[in-house]
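> Have a look at the structure that comes next, please.
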Amino acid sequence: MRVILVVLPTPEVGRSEREAIGAARALATAFAGEVNVALVGPAAESVAERPERAGLTLEASANARTFFIAHPMLRGYAPELYVSALEQLLATVRPDVILFPGRTIALEIAPRLAYRLGAAMVTDVIGLQAEDGAVVITKPVYGGKAHAMLVASRPPVVVCVRPRAFDPIEGEIVGGDTTWVEVALDPSLERTRLLERIQEESATGTALEEAQIVVSGGRGIGGPEGFRLLEELARWLGGAVGASRAACDAGWVPASWQIGQTGKKVAPDLYLAVGISGASQHVVGISRAKCIVAINTDPHAPIFKVADLGIVEAYENIIPVLIEEVKRLRVAGKA
Amino acid sequence: MRVIVCVTQILDPEIPPGEFRLNAERTAAAEGIGQLVMSIFDENAVEVALQLRERMIEREPVEVIALTVGPPSAADVLRRALSLRADRAILISSEGGPVLDGVVVASLLKAAVERLHPVDLVLCGRETGDWHGGQVGSFLAEALGWTCVTFVSRIEATDGGFLMRRQSDEGWEIVWAARPAVATITNEETNVPRLPKVRDTMLAARAPIPMWTIPELVSDVTGLWGANGRLQVRELVIPGTSKACEWIEGETVTEKAVHLVRALRERRIL
Ligand SMILES: Cc1cc2nc3c(=O)[nH]c(=O)nc-3n(C[C@H](O)[C@H](O)[C@H](O)COP(=O)(O)OP(=O)(O)OC[C@H]3O[C@@H](n4cnc5c(N)ncnc54)[C@H](O)[C@@H]3O)c2cc1C
Ligand SMILES: Nc1ncnc2c1ncn2[C@@H]1O[C@H](COP(=O)(O)O)[C@@H](O)[C@H]1O
């Protein structure tokens with residue numbers, strides 16, 4: 001029996017976490033293996049109390065265990081303590097595959113744990129297959145221009161799944177055989193201290209990663225003022241605003257709006273790419289969008305190769321008119 | 001204070017998908033399809049180090065040293081760092097060594113950092129622009145037993161440590177990190193790489209670059225080999241991308257906007 005351990009070190013169990021469990025489930029089915037879930041830190045307490053709020057149901061099911069690791073020191077940013085706690089769990093549980101969601105805190109803990117375990121480690125994973133007892137791992141490389149298939153020659157292997165690449169589990173049963181794991185954390189391990197948290201709000205109040213409609217701008221927007229137009233359109237559409245790396249690096253919009261290889265991964269019904277050329281590193285962040293609309297002055301921009309609908313036009317000309325059209329539609333819809 | 005920046009040479013990440021090809025074994029990009037450049041986040045890391053040096057000018061001299069592990073031709077990225085006015089650069093030659101995976105690179109960097117003792121801060125990119133590993137910085141911190149903070153965009157020195165601005169999923173965190181530390185660098189408007197001056201590029205082209213070999217750095221070379229081979233590249237494939245784009249036309253912009261809204265309504269998106 002193969003054991004897959006999903007490690008959730010984030011304070012909340014959201015879509016990315018449920019996707020990680022979904023990825024583990026699919027692999028376990030192929031392997032006839034079991035899925036264990038380890039909740040570390042504040043999420044352990046909240047899920048133990050109210051699993052349904054995290055979209056999970058804890059119910060006795062054969063061979064699926066849930067580990068809760070809570071400790072007063074496991075709060076906020078303290079990667080070294082999380083690594084230490086997980087090391088203690090892994091002294092007793094011996095998984096073949098250790099799966100993390102693609103969150104920044106997970107991406108910080110996973111390689112350090114892998115190093116201590118002497119385990120192979122792959123980030124940004126979009127595919128997991130069982131093949132003759134081995135795990136075949138797929139990840140995009142060269143900014144998405146190729147996909148690499150990697151085989152871990154010996155267990156364990158540590159995998160961080162890319163957000164929006166796997167289907168999340170919804171309200172499903174997670175191992176009801178629950179264990180509270182006691183960990184001892186040495187205060188002298190703590191080499192970092194969180195001093196301040198700066199929340200960057202989305203422009204429209206809709207979280208980028210959850211939005212069904214995303215209006216995104218790139219270098220072609222030319223400055224922060226242009227983004228006010230995109231925000232207005234997004235507000236009328238009930239969506240969120242994203243950006244390319246070029247627009248974030250220019251300081252026109254916050255870095256947390258960046259979409260792509262090293263930004264957020266989104267999977268909306270509608271993705272409107274405005275003044276974005278469509279570099280592969282941007283496009284990998286929107287590969288699961290249902291409908292991509294590109295607005296660009298250059299008919300040869302690569303974004304049109306991945307777009308469903310394309311308009312060759314300067315954004316300054318079309319966006320204000322588009323806002324009026326959407327407004328009309330919305331007002332008519334309400335009447 | 002001594003700051004080390006780890007830099008990597010990669011295939012230009014901006015080459016268009018149409019020009020991208022695989023090697024005959026289908027295990028990596030074909031050679032020669034584009035220029036070799038410094039990995040993009042390593043450029044951000046050099047910038048963070050230079051800004052730290054500039055801000056410290058009144059308080060304490062800061063020495064910035066660029067390191068790379070690679071074949072002698074990788075010296076080009078060190079020259080790039082020198083042209084941006086890194087103080088020194090050292091090539092760790094990988095010739096005759098094992099295949100460079102994250103663990104091997106981290107082991108060699110660790111040995112080099114120890115040889116450069118005392119080092120206060122090591123900067124790495126958050127991930128390379130070719131294989132997007134996202135692990136060498138963390139591996140290195142573990143190997144050294146140092147503090148590690150990832151996704152950092154700015155750094156200030158304080159007594160006994162550093163203040164780091166760290167990107168989180170929701171925004172930013174200000175984290176204090178004990179010295180010595182490793183930080184992996186992400187992009188932000190404040191660390192957009194500067195361009196080198198022509199004169200500095202010319203000087204860098206002629207600068208001698210010391211080379212350290214693997215046997216000089218690690219006594220147990222077989223141990224280094226042993227760390228390898230945990231992952232095998234079976235095959236690379238080029239994903240099919242092209243969709244048939246439906247062009248929304250119109251005599252005027254208003255017509256185009258109306259047609260777009262109609263097309264979206266037909267698709268039941270609006
Ligand atoms: C390792 C790595 C990771 C990266 N991660 C990311 C990432 O996460 N996200 C990301 O976005 N990029 C990322 N990049 C950068 C990426 O390669 C591109 O450089 C970037 O996406 C380009 O942004 P852009 O399309 O806005 O700018 P450009 O490529 O400059 O395109 C601007 C476009 O605007 C159009 N335009 C100009 N004026 C107008 C107008 N008035 N109206 C309409 N259109 C107009 C132009 O025709 C052009 O197509 C990464 C790169 C690397 C190497
Ligand atoms: N061969 C190398 N030489 C020096 N530094 C490297 C090398 N490979 C990786 N690094 C550093 O580690 C970072 C992350 O690499 P990776 O984990 O492979 O994505 C890079 O941005 C570099 O700073």
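In the structure tokens, the first chain shown is A, the next is B, and so on; residue numbers restart at 1 for each chain, and ligands run from 1 in the order shown.
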Neighbouring residues of ligand 2 are defined here as those with any atom at most 7 Å from a ligand atom, counting only C-alpha atoms and all ligand atoms; list them as a ChimeraX atom specification.
/B:5-8,39,41-42,67-70,102,105,123-128,131-137
> If you keep C-alpha atoms, can you produce a file of those selected residues as a PDB file, in the first residue's frame?

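Output below, filename out_21.pdb:
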ATOM      1  CA  VAL B   5      24.829  36.448  -4.965  1.00  0.00           C
ATOM      2  CA  CYS B   6      24.372  33.089  -6.686  1.00  0.00           C
ATOM      3  CA  VAL B   7      23.791  33.522 -10.395  1.00  0.00           C
ATOM      4  CA  THR B   8      22.942  31.042 -13.120  1.00  0.00           C
ATOM      5  CA  SER B  39      18.564  34.009 -15.032  1.00  0.00           C
ATOM      6  CA  PHE B  41      15.568  36.516 -10.701  1.00  0.00           C
ATOM      7  CA  ASP B  42      19.341  36.391 -10.267  1.00  0.00           C
ATOM      8  CA  LEU B  67      29.185  32.962  -7.647  1.00  0.00           C
ATOM      9  CA  THR B  68      28.133  30.548 -10.316  1.00  0.00           C
ATOM     10  CA  VAL B  69      28.427  26.796 -10.700  1.00  0.00           C
ATOM     11  CA  GLY B  70      28.815  25.787 -14.308  1.00  0.00           C
ATOM     12  CA  GLY B 102      19.629  21.184  -6.916  1.00  0.00           C
ATOM     13  CA  VAL B 105      24.625  22.854  -6.785  1.00  0.00           C
ATOM     14  CA  LEU B 123      21.056  35.783  -2.185  1.00  0.00           C
ATOM     15  CA  CYS B 124      19.564  33.385  -4.723  1.00  0.00           C
ATOM     16  CA  GLY B 125      16.795  33.803  -7.264  1.00  0.00           C
ATOM     17  CA  ARG B 126      13.388  32.430  -6.246  1.00  0.00           C
ATOM     18  CA  GLU B 127      13.648  30.041  -9.219  1.00  0.00           C
ATOM     19  CA  THR B 128      15.630  29.728 -12.418  1.00  0.00           C
ATOM     20  CA  TRP B 131      13.691  24.664 -15.037  1.00  0.00           C
ATOM     21  CA  HIS B 132      11.939  26.726 -12.370  1.00  0.00           C
ATOM     22  CA  GLY B 133      13.344  24.478  -9.637  1.00  0.00           C
ATOM     23  CA  GLY B 134      12.682  26.861  -6.753  1.00  0.00           C
ATOM     24  CA  GLN B 135      14.825  24.920  -4.320  1.00  0.00           C
ATOM     25  CA  VAL B 136      18.551  25.717  -4.452  1.00  0.00           C
ATOM     26  CA  GLY B 137      18.307  28.670  -2.050  1.00  0.00           C
TER      27      GLY B 137
END
> As JSON, numbers by chain, please: every protein or nucleic acid residue near ligand 1 (cut-off 8 Å, counting only C-alpha atoms and all ligand atoms).
{"A": [142, 143, 217, 218, 219, 220, 221, 222, 243, 244, 245, 246, 247, 258, 259, 260, 261, 262, 263, 264, 274, 275, 276, 277, 278, 279, 280, 281, 282, 283, 285, 295, 296, 297, 298, 299, 301, 302, 303, 312, 313, 314, 315, 316], "B": [12, 13, 14, 39, 40, 41, 127, 128, 129, 130, 132]}
> Would you pick out the contacts of segment 93-105 of chain A at 7 Å or less, using only C-alpha atoms, so that residues sharing its chain but fewer than 2 positions from it are not included, and give the list as a ChimeraX atom specification?
/A:2-8,16-17,20,89-91,107-109,155-163 /B:168-169
> Tell me, which residues of segment 41-237 of chain A carry DSSP alpha helix (DSSP H), written as number ranges by chain?
A: 42-49, 79-89, 104-117, 224-237
> As an exercise, work out the distance from atom CA of Lys327 of chain A to atom CA of Ala257 of chain B in Å and give it to one decimal place.
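For atom CA of Lys327 of chain A relative to atom CA of Ala257 of chain B, the distance reads 12.1 Å.
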> Which chain B residues have any atom within 7 Å of an atom of chain A, and for each, what is the nearest pair of atoms with distance in Å to one decimal, counting only C-alpha atoms, rows sorted by chain and number, as JSON lines?

{"residue": "B:Pro13", "atom": "CA", "partner": "A:Tyr142", "partner_atom": "CA", "distance": 6.6}
{"residue": "B:Pro17", "atom": "CA", "partner": "A:Lys145", "partner_atom": "CA", "distance": 6.0}
{"residue": "B:Gly129", "atom": "CA", "partner": "A:Tyr142", "partner_atom": "CA", "distance": 6.6}
{"residue": "B:Asp130", "atom": "CA", "partner": "A:Tyr142", "partner_atom": "CA", "distance": 4.3}
{"residue": "B:Trp131", "atom": "CA", "partner": "A:Val141", "partner_atom": "CA", "distance": 5.0}
{"residue": "B:His132", "atom": "CA", "partner": "A:Val141", "partner_atom": "CA", "distance": 6.6}
{"residue": "B:Gly133", "atom": "CA", "partner": "A:Thr123", "partner_atom": "CA", "distance": 6.4}
{"residue": "B:Gly134", "atom": "CA", "partner": "A:Thr123", "partner_atom": "CA", "distance": 6.9}
{"residue": "B:Gln135", "atom": "CA", "partner": "A:Pro111", "partner_atom": "CA", "distance": 5.6}
{"residue": "B:Ser138", "atom": "CA", "partner": "A:Arg112", "partner_atom": "CA", "distance": 5.8}
{"residue": "B:Phe139", "atom": "CA", "partner": "A:Tyr115", "partner_atom": "CA", "distance": 6.0}
{"residue": "B:Glu142", "atom": "CA", "partner": "A:Arg112", "partner_atom": "CA", "distance": 6.4}
{"residue": "B:Thr147", "atom": "CA", "partner": "A:Arg191", "partner_atom": "CA", "distance": 5.8}
{"residue": "B:Thr150", "atom": "CA", "partner": "A:Glu108", "partner_atom": "CA", "distance": 6.2}
{"residue": "B:Ser168", "atom": "CA", "partner": "A:Thr104", "partner_atom": "CA", "distance": 6.0}
{"residue": "B:Asp169", "atom": "CA", "partner": "A:Thr104", "partner_atom": "CA", "distance": 6.3}
{"residue": "B:Glu170", "atom": "CA", "partner": "A:Gln199", "partner_atom": "CA", "distance": 5.7}
{"residue": "B:Gly171", "atom": "CA", "partner": "A:Glu200", "partner_atom": "CA", "distance": 4.7}
{"residue": "B:Trp172", "atom": "CA", "partner": "A:Ile198", "partner_atom": "CA", "distance": 4.9}
{"residue": "B:Glu173", "atom": "CA", "partner": "A:Arg197", "partner_atom": "CA", "distance": 4.5}
{"residue": "B:Ile174", "atom": "CA", "partner": "A:Glu196", "partner_atom": "CA", "distance": 5.0}
{"residue": "B:Val175", "atom": "CA", "partner": "A:Leu194", "partner_atom": "CA", "distance": 4.6}
{"residue": "B:Trp176", "atom": "CA", "partner": "A:Arg193", "partner_atom": "CA", "distance": 5.0}
{"residue": "B:Ala177", "atom": "CA", "partner": "A:Thr192", "partner_atom": "CA", "distance": 4.4}
{"residue": "B:Ala178", "atom": "CA", "partner": "A:Arg191", "partner_atom": "CA", "distance": 5.3}
{"residue": "B:Glu188", "atom": "CA", "partner": "A:Asp249", "partner_atom": "CA", "distance": 5.4}
{"residue": "B:Glu189", "atom": "CA", "partner": "A:Asp249", "partner_atom": "CA", "distance": 4.2}
{"residue": "B:Val192", "atom": "CA", "partner": "A:Asp249", "partner_atom": "CA", "distance": 6.6}
{"residue": "B:Arg230", "atom": "CA", "partner": "A:Ala120", "partner_atom": "CA", "distance": 5.4}
{"residue": "B:Leu231", "atom": "CA", "partner": "A:Ala152", "partner_atom": "CA", "distance": 4.6}
{"residue": "B:Gln232", "atom": "CA", "partner": "A:Val151", "partner_atom": "CA", "distance": 5.1}
{"residue": "B:Val233", "atom": "CA", "partner": "A:Leu150", "partner_atom": "CA", "distance": 4.6}
{"residue": "B:Arg234", "atom": "CA", "partner": "A:Leu150", "partner_atom": "CA", "distance": 5.5}
{"residue": "B:Glu235", "atom": "CA", "partner": "A:Met149", "partner_atom": "CA", "distance": 5.3}
{"residue": "B:Leu236", "atom": "CA", "partner": "A:Ala148", "partner_atom": "CA", "distance": 4.4}
{"residue": "B:Val237", "atom": "CA", "partner": "A:His147", "partner_atom": "CA", "distance": 5.3}
{"residue": "B:Ile238", "atom": "CA", "partner": "A:Ala146", "partner_atom": "CA", "distance": 4.4}
{"residue": "B:Pro239", "atom": "CA", "partner": "A:Ala146", "partner_atom": "CA", "distance": 6.1}
{"residue": "B:Thr241", "atom": "CA", "partner": "A:Val306", "partner_atom": "CA", "distance": 6.5}
{"residue": "B:Ser242", "atom": "CA", "partner": "A:Lys305", "partner_atom": "CA", "distance": 5.1}
{"residue": "B:Lys243", "atom": "CA", "partner": "A:Val306", "partner_atom": "CA", "distance": 5.4}
{"residue": "B:Ala244", "atom": "CA", "partner": "A:Asp308", "partner_atom": "CA", "distance": 6.7}
{"residue": "B:Cys245", "atom": "CA", "partner": "A:Asp308", "partner_atom": "CA", "distance": 4.7}
{"residue": "B:Glu246", "atom": "CA", "partner": "A:Leu309", "partner_atom": "CA", "distance": 4.8}
{"residue": "B:Trp247", "atom": "CA", "partner": "A:Gly310", "partner_atom": "CA", "distance": 4.8}
{"residue": "B:Ile248", "atom": "CA", "partner": "A:Ile311", "partner_atom": "CA", "distance": 5.4}
{"residue": "B:Val253", "atom": "CA", "partner": "A:Ile318", "partner_atom": "CA", "distance": 5.7}
{"residue": "B:Thr254", "atom": "CA", "partner": "A:Val321", "partner_atom": "CA", "distance": 6.0}
{"residue": "B:Ala257", "atom": "CA", "partner": "A:Leu322", "partner_atom": "CA", "distance": 5.2}
{"residue": "B:Val258", "atom": "CA", "partner": "A:Glu325", "partner_atom": "CA", "distance": 6.7}
{"residue": "B:Ile269", "atom": "CA", "partner": "A:Asp269", "partner_atom": "CA", "distance": 6.8}
> Any chance you can output those residues with N, CA and C atoms as a short mmCIF file (atom, residue, chain, number, x, y, z; two decimals), in the first residue's frame?

data_model
loop_
_atom_site.label_atom_id
_atom_site.label_comp_id
_atom_site.auth_asym_id
_atom_site.auth_seq_id
_atom_site.Cartn_x
_atom_site.Cartn_y
_atom_site.Cartn_z
N PRO B 13 14.95 33.28 -21.72
CA PRO B 13 13.57 32.84 -21.52
C PRO B 13 12.57 33.54 -22.44
N PRO B 17 7.95 30.97 -28.53
CA PRO B 17 7.67 29.53 -28.56
C PRO B 17 7.97 28.90 -29.93
N GLY B 129 14.97 30.61 -14.57
CA GLY B 129 14.05 30.88 -15.66
C GLY B 129 13.97 29.75 -16.67
N ASP B 130 14.70 28.65 -16.46
CA ASP B 130 14.58 27.52 -17.39
C ASP B 130 13.82 26.34 -16.76
N TRP B 131 14.35 25.82 -15.65
CA TRP B 131 13.69 24.66 -15.04
C TRP B 131 12.82 25.02 -13.85
N HIS B 132 12.84 26.27 -13.44
CA HIS B 132 11.94 26.73 -12.37
C HIS B 132 12.00 25.82 -11.14
N GLY B 133 13.21 25.43 -10.75
CA GLY B 133 13.34 24.48 -9.64
C GLY B 133 12.80 25.02 -8.32
N GLY B 134 13.18 26.26 -8.00
CA GLY B 134 12.68 26.86 -6.75
C GLY B 134 13.15 26.16 -5.50
N GLN B 135 14.37 25.68 -5.48
CA GLN B 135 14.83 24.92 -4.32
C GLN B 135 16.26 25.18 -3.90
N SER B 138 16.84 27.30 -0.69
CA SER B 138 16.41 26.62 0.54
C SER B 138 17.37 25.47 0.88
N PHE B 139 17.78 24.72 -0.13
CA PHE B 139 18.73 23.62 0.10
C PHE B 139 20.03 24.18 0.69
N GLU B 142 19.66 25.12 4.29
CA GLU B 142 19.66 23.90 5.11
C GLU B 142 21.07 23.35 5.26
N THR B 147 19.57 30.80 8.58
CA THR B 147 18.22 31.33 8.41
C THR B 147 17.88 31.34 6.93
N THR B 150 12.20 33.15 1.95
CA THR B 150 11.99 33.08 0.50
C THR B 150 11.10 34.22 0.01
N SER B 168 3.85 37.46 0.16
CA SER B 168 2.99 36.35 0.57
C SER B 168 1.87 36.26 -0.45
N ASP B 169 0.97 35.32 -0.26
CA ASP B 169 -0.13 35.19 -1.22
C ASP B 169 -1.06 36.40 -1.18
N GLU B 170 -1.12 37.06 -0.04
CA GLU B 170 -2.06 38.19 0.11
C GLU B 170 -1.42 39.55 -0.04
N GLY B 171 -0.12 39.63 0.03
CA GLY B 171 0.53 40.93 -0.02
C GLY B 171 1.99 40.78 0.39
N TRP B 172 2.33 41.47 1.49
CA TRP B 172 3.73 41.43 1.92
C TRP B 172 3.82 41.21 3.40
N GLU B 173 4.97 40.67 3.83
CA GLU B 173 5.27 40.53 5.24
C GLU B 173 6.64 41.14 5.50
N ILE B 174 6.78 41.82 6.62
CA ILE B 174 8.10 42.28 7.02
C ILE B 174 8.61 41.29 8.05
N VAL B 175 9.72 40.66 7.70
CA VAL B 175 10.25 39.58 8.53
C VAL B 175 11.64 39.97 9.00
N TRP B 176 11.89 39.77 10.27
CA TRP B 176 13.25 39.91 10.78
C TRP B 176 13.92 38.55 10.69
N ALA B 177 15.13 38.53 10.17
CA ALA B 177 15.85 37.26 10.01
C ALA B 177 17.22 37.37 10.67
N ALA B 178 17.57 36.35 11.45
CA ALA B 178 18.87 36.35 12.14
C ALA B 178 19.99 36.17 11.12
N GLU B 188 9.99 42.92 -7.93
CA GLU B 188 9.13 43.99 -7.44
C GLU B 188 9.60 45.25 -8.15
N GLU B 189 8.78 46.29 -8.13
CA GLU B 189 9.18 47.52 -8.83
C GLU B 189 10.50 48.09 -8.30
N VAL B 192 13.98 46.22 -9.98
CA VAL B 192 14.15 46.07 -11.43
C VAL B 192 15.64 46.26 -11.74
N ARG B 230 18.23 11.29 -8.03
CA ARG B 230 16.95 11.06 -7.36
C ARG B 230 15.79 11.26 -8.32
N LEU B 231 16.03 12.01 -9.36
CA LEU B 231 14.99 12.27 -10.34
C LEU B 231 15.57 12.03 -11.72
N GLN B 232 14.85 11.31 -12.53
CA GLN B 232 15.31 11.16 -13.91
C GLN B 232 14.37 11.89 -14.85
N VAL B 233 14.96 12.55 -15.81
CA VAL B 233 14.14 13.21 -16.83
C VAL B 233 13.78 12.14 -17.85
N ARG B 234 12.53 11.80 -17.92
CA ARG B 234 12.14 10.79 -18.90
C ARG B 234 12.03 11.42 -20.28
N GLU B 235 11.29 12.50 -20.34
CA GLU B 235 11.07 13.11 -21.65
C GLU B 235 10.50 14.51 -21.50
N LEU B 236 10.85 15.37 -22.44
CA LEU B 236 10.19 16.67 -22.52
C LEU B 236 9.25 16.64 -23.73
N VAL B 237 8.09 17.24 -23.59
CA VAL B 237 7.19 17.36 -24.73
C VAL B 237 6.83 18.83 -24.89
N ILE B 238 6.54 19.20 -26.12
CA ILE B 238 6.12 20.58 -26.37
C ILE B 238 4.60 20.58 -26.46
N PRO B 239 3.94 21.28 -25.52
CA PRO B 239 2.48 21.22 -25.51
C PRO B 239 1.88 21.93 -26.71
N THR B 241 -0.47 24.44 -28.36
CA THR B 241 -1.10 25.62 -27.78
C THR B 241 -2.11 26.28 -28.70
N SER B 242 -1.77 26.36 -29.97
CA SER B 242 -2.55 27.21 -30.86
C SER B 242 -4.05 26.91 -30.85
N LYS B 243 -4.82 27.95 -30.67
CA LYS B 243 -6.27 27.88 -30.79
C LYS B 243 -6.62 28.68 -32.03
N ALA B 244 -7.82 28.46 -32.56
CA ALA B 244 -8.25 29.30 -33.67
C ALA B 244 -8.93 30.52 -33.06
N CYS B 245 -8.29 31.67 -33.19
CA CYS B 245 -8.85 32.89 -32.60
C CYS B 245 -9.93 33.44 -33.51
N GLU B 246 -11.08 33.71 -32.93
CA GLU B 246 -12.16 34.33 -33.70
C GLU B 246 -11.99 35.83 -33.59
N TRP B 247 -11.83 36.49 -34.75
CA TRP B 247 -11.59 37.94 -34.73
C TRP B 247 -12.90 38.69 -34.62
N ILE B 248 -12.94 39.61 -33.71
CA ILE B 248 -14.12 40.46 -33.56
C ILE B 248 -13.86 41.73 -34.39
N VAL B 253 -15.25 51.44 -33.17
CA VAL B 253 -14.98 50.75 -31.90
C VAL B 253 -16.28 50.33 -31.22
N THR B 254 -17.30 51.16 -31.36
CA THR B 254 -18.58 50.81 -30.74
C THR B 254 -19.08 49.48 -31.32
N ALA B 257 -17.15 46.68 -29.81
CA ALA B 257 -17.57 46.42 -28.43
C ALA B 257 -18.90 45.67 -28.41
N VAL B 258 -19.83 46.10 -29.26
CA VAL B 258 -21.15 45.45 -29.32
C VAL B 258 -20.97 43.99 -29.76
N ILE B 269 -21.22 33.56 -21.36
CA ILE B 269 -20.24 34.03 -20.36
C ILE B 269 -20.76 35.30 -19.70
#
> Using DSSP assignments from the backbone, pull out every residue in segment 84-281 of chain A that falls under strand (DSSP E or B) and give it to me as number ranges by chain.
A: 97-100, 120-125, 127-131, 134-141, 146-152, 157-161, 172-175, 177-180, 192-199, 213-217, 240-243, 258-259, 264, 270-274
> Extract, using only C-alpha atoms, all DNA, RNA and protein residues at most 9 Å from Ile155 of chain B, discarding same-chain residues fewer than 3 positions from it, and format them as a compact mmCIF listing (two decimals) with all heavy atoms, in the first residue's frame.

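What ended up in out_34.txt:
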# COMPACT_ATOMS: atom_id res chain seq x y z
N VAL B 48 19.29 43.75 -5.62
CA VAL B 48 19.03 43.86 -4.17
C VAL B 48 20.36 44.02 -3.42
O VAL B 48 20.48 44.86 -2.52
CB VAL B 48 18.24 42.63 -3.65
CG1 VAL B 48 18.20 42.60 -2.13
CG2 VAL B 48 16.82 42.66 -4.21
N ALA B 49 21.38 43.26 -3.84
CA ALA B 49 22.69 43.34 -3.17
C ALA B 49 23.33 44.71 -3.39
O ALA B 49 23.87 45.31 -2.46
CB ALA B 49 23.60 42.24 -3.70
N GLN B 51 21.84 47.55 -4.04
CA GLN B 51 21.11 48.58 -3.29
C GLN B 51 21.45 48.52 -1.81
O GLN B 51 21.56 49.55 -1.15
CB GLN B 51 19.60 48.42 -3.50
CG GLN B 51 19.16 48.87 -4.88
CD GLN B 51 17.64 48.75 -5.04
OE1 GLN B 51 16.91 48.63 -4.08
NE2 GLN B 51 17.17 48.80 -6.28
N LEU B 52 21.64 47.31 -1.29
CA LEU B 52 22.02 47.17 0.11
C LEU B 52 23.38 47.83 0.34
O LEU B 52 23.58 48.58 1.29
CB LEU B 52 22.06 45.68 0.48
CG LEU B 52 22.37 45.34 1.93
CD1 LEU B 52 21.28 45.88 2.86
CD2 LEU B 52 22.47 43.82 2.12
N VAL B 152 11.74 37.20 -1.26
CA VAL B 152 12.10 38.49 -0.68
C VAL B 152 12.34 39.51 -1.79
O VAL B 152 12.92 39.17 -2.84
CB VAL B 152 13.39 38.33 0.18
CG1 VAL B 152 13.91 39.68 0.64
CG2 VAL B 152 13.11 37.42 1.37
N PHE B 162 18.56 40.98 9.61
CA PHE B 162 18.10 41.71 8.43
C PHE B 162 16.59 41.89 8.52
O PHE B 162 15.89 41.04 9.06
CB PHE B 162 18.42 40.91 7.16
CG PHE B 162 19.88 40.67 6.96
CD1 PHE B 162 20.45 39.47 7.37
CD2 PHE B 162 20.69 41.64 6.38
CE1 PHE B 162 21.81 39.24 7.19
CE2 PHE B 162 22.04 41.42 6.20
CZ PHE B 162 22.61 40.22 6.61
N LEU B 163 16.12 42.99 7.95
CA LEU B 163 14.69 43.16 7.75
C LEU B 163 14.42 42.81 6.30
O LEU B 163 15.04 43.38 5.40
CB LEU B 163 14.26 44.59 8.03
CG LEU B 163 14.26 45.02 9.49
CD1 LEU B 163 13.79 46.46 9.61
CD2 LEU B 163 13.37 44.08 10.32
N MET B 164 13.53 41.88 6.09
CA MET B 164 13.25 41.45 4.72
C MET B 164 11.78 41.67 4.41
O MET B 164 10.92 41.36 5.22
CB MET B 164 13.59 39.97 4.57
CG MET B 164 15.03 39.64 4.97
SD MET B 164 15.56 38.16 4.15
CE MET B 164 17.20 37.96 4.88
N ARG B 165 11.54 42.19 3.20
CA ARG B 165 10.17 42.36 2.73
C ARG B 165 9.85 41.11 1.92
O ARG B 165 10.49 40.84 0.90
CB ARG B 165 10.08 43.62 1.87
CG ARG B 165 8.70 43.94 1.37
CD ARG B 165 8.74 45.32 0.71
NE ARG B 165 7.70 45.48 -0.29
CZ ARG B 165 6.50 46.02 -0.04
NH1 ARG B 165 6.21 46.43 1.17
NH2 ARG B 165 5.61 46.16 -1.00
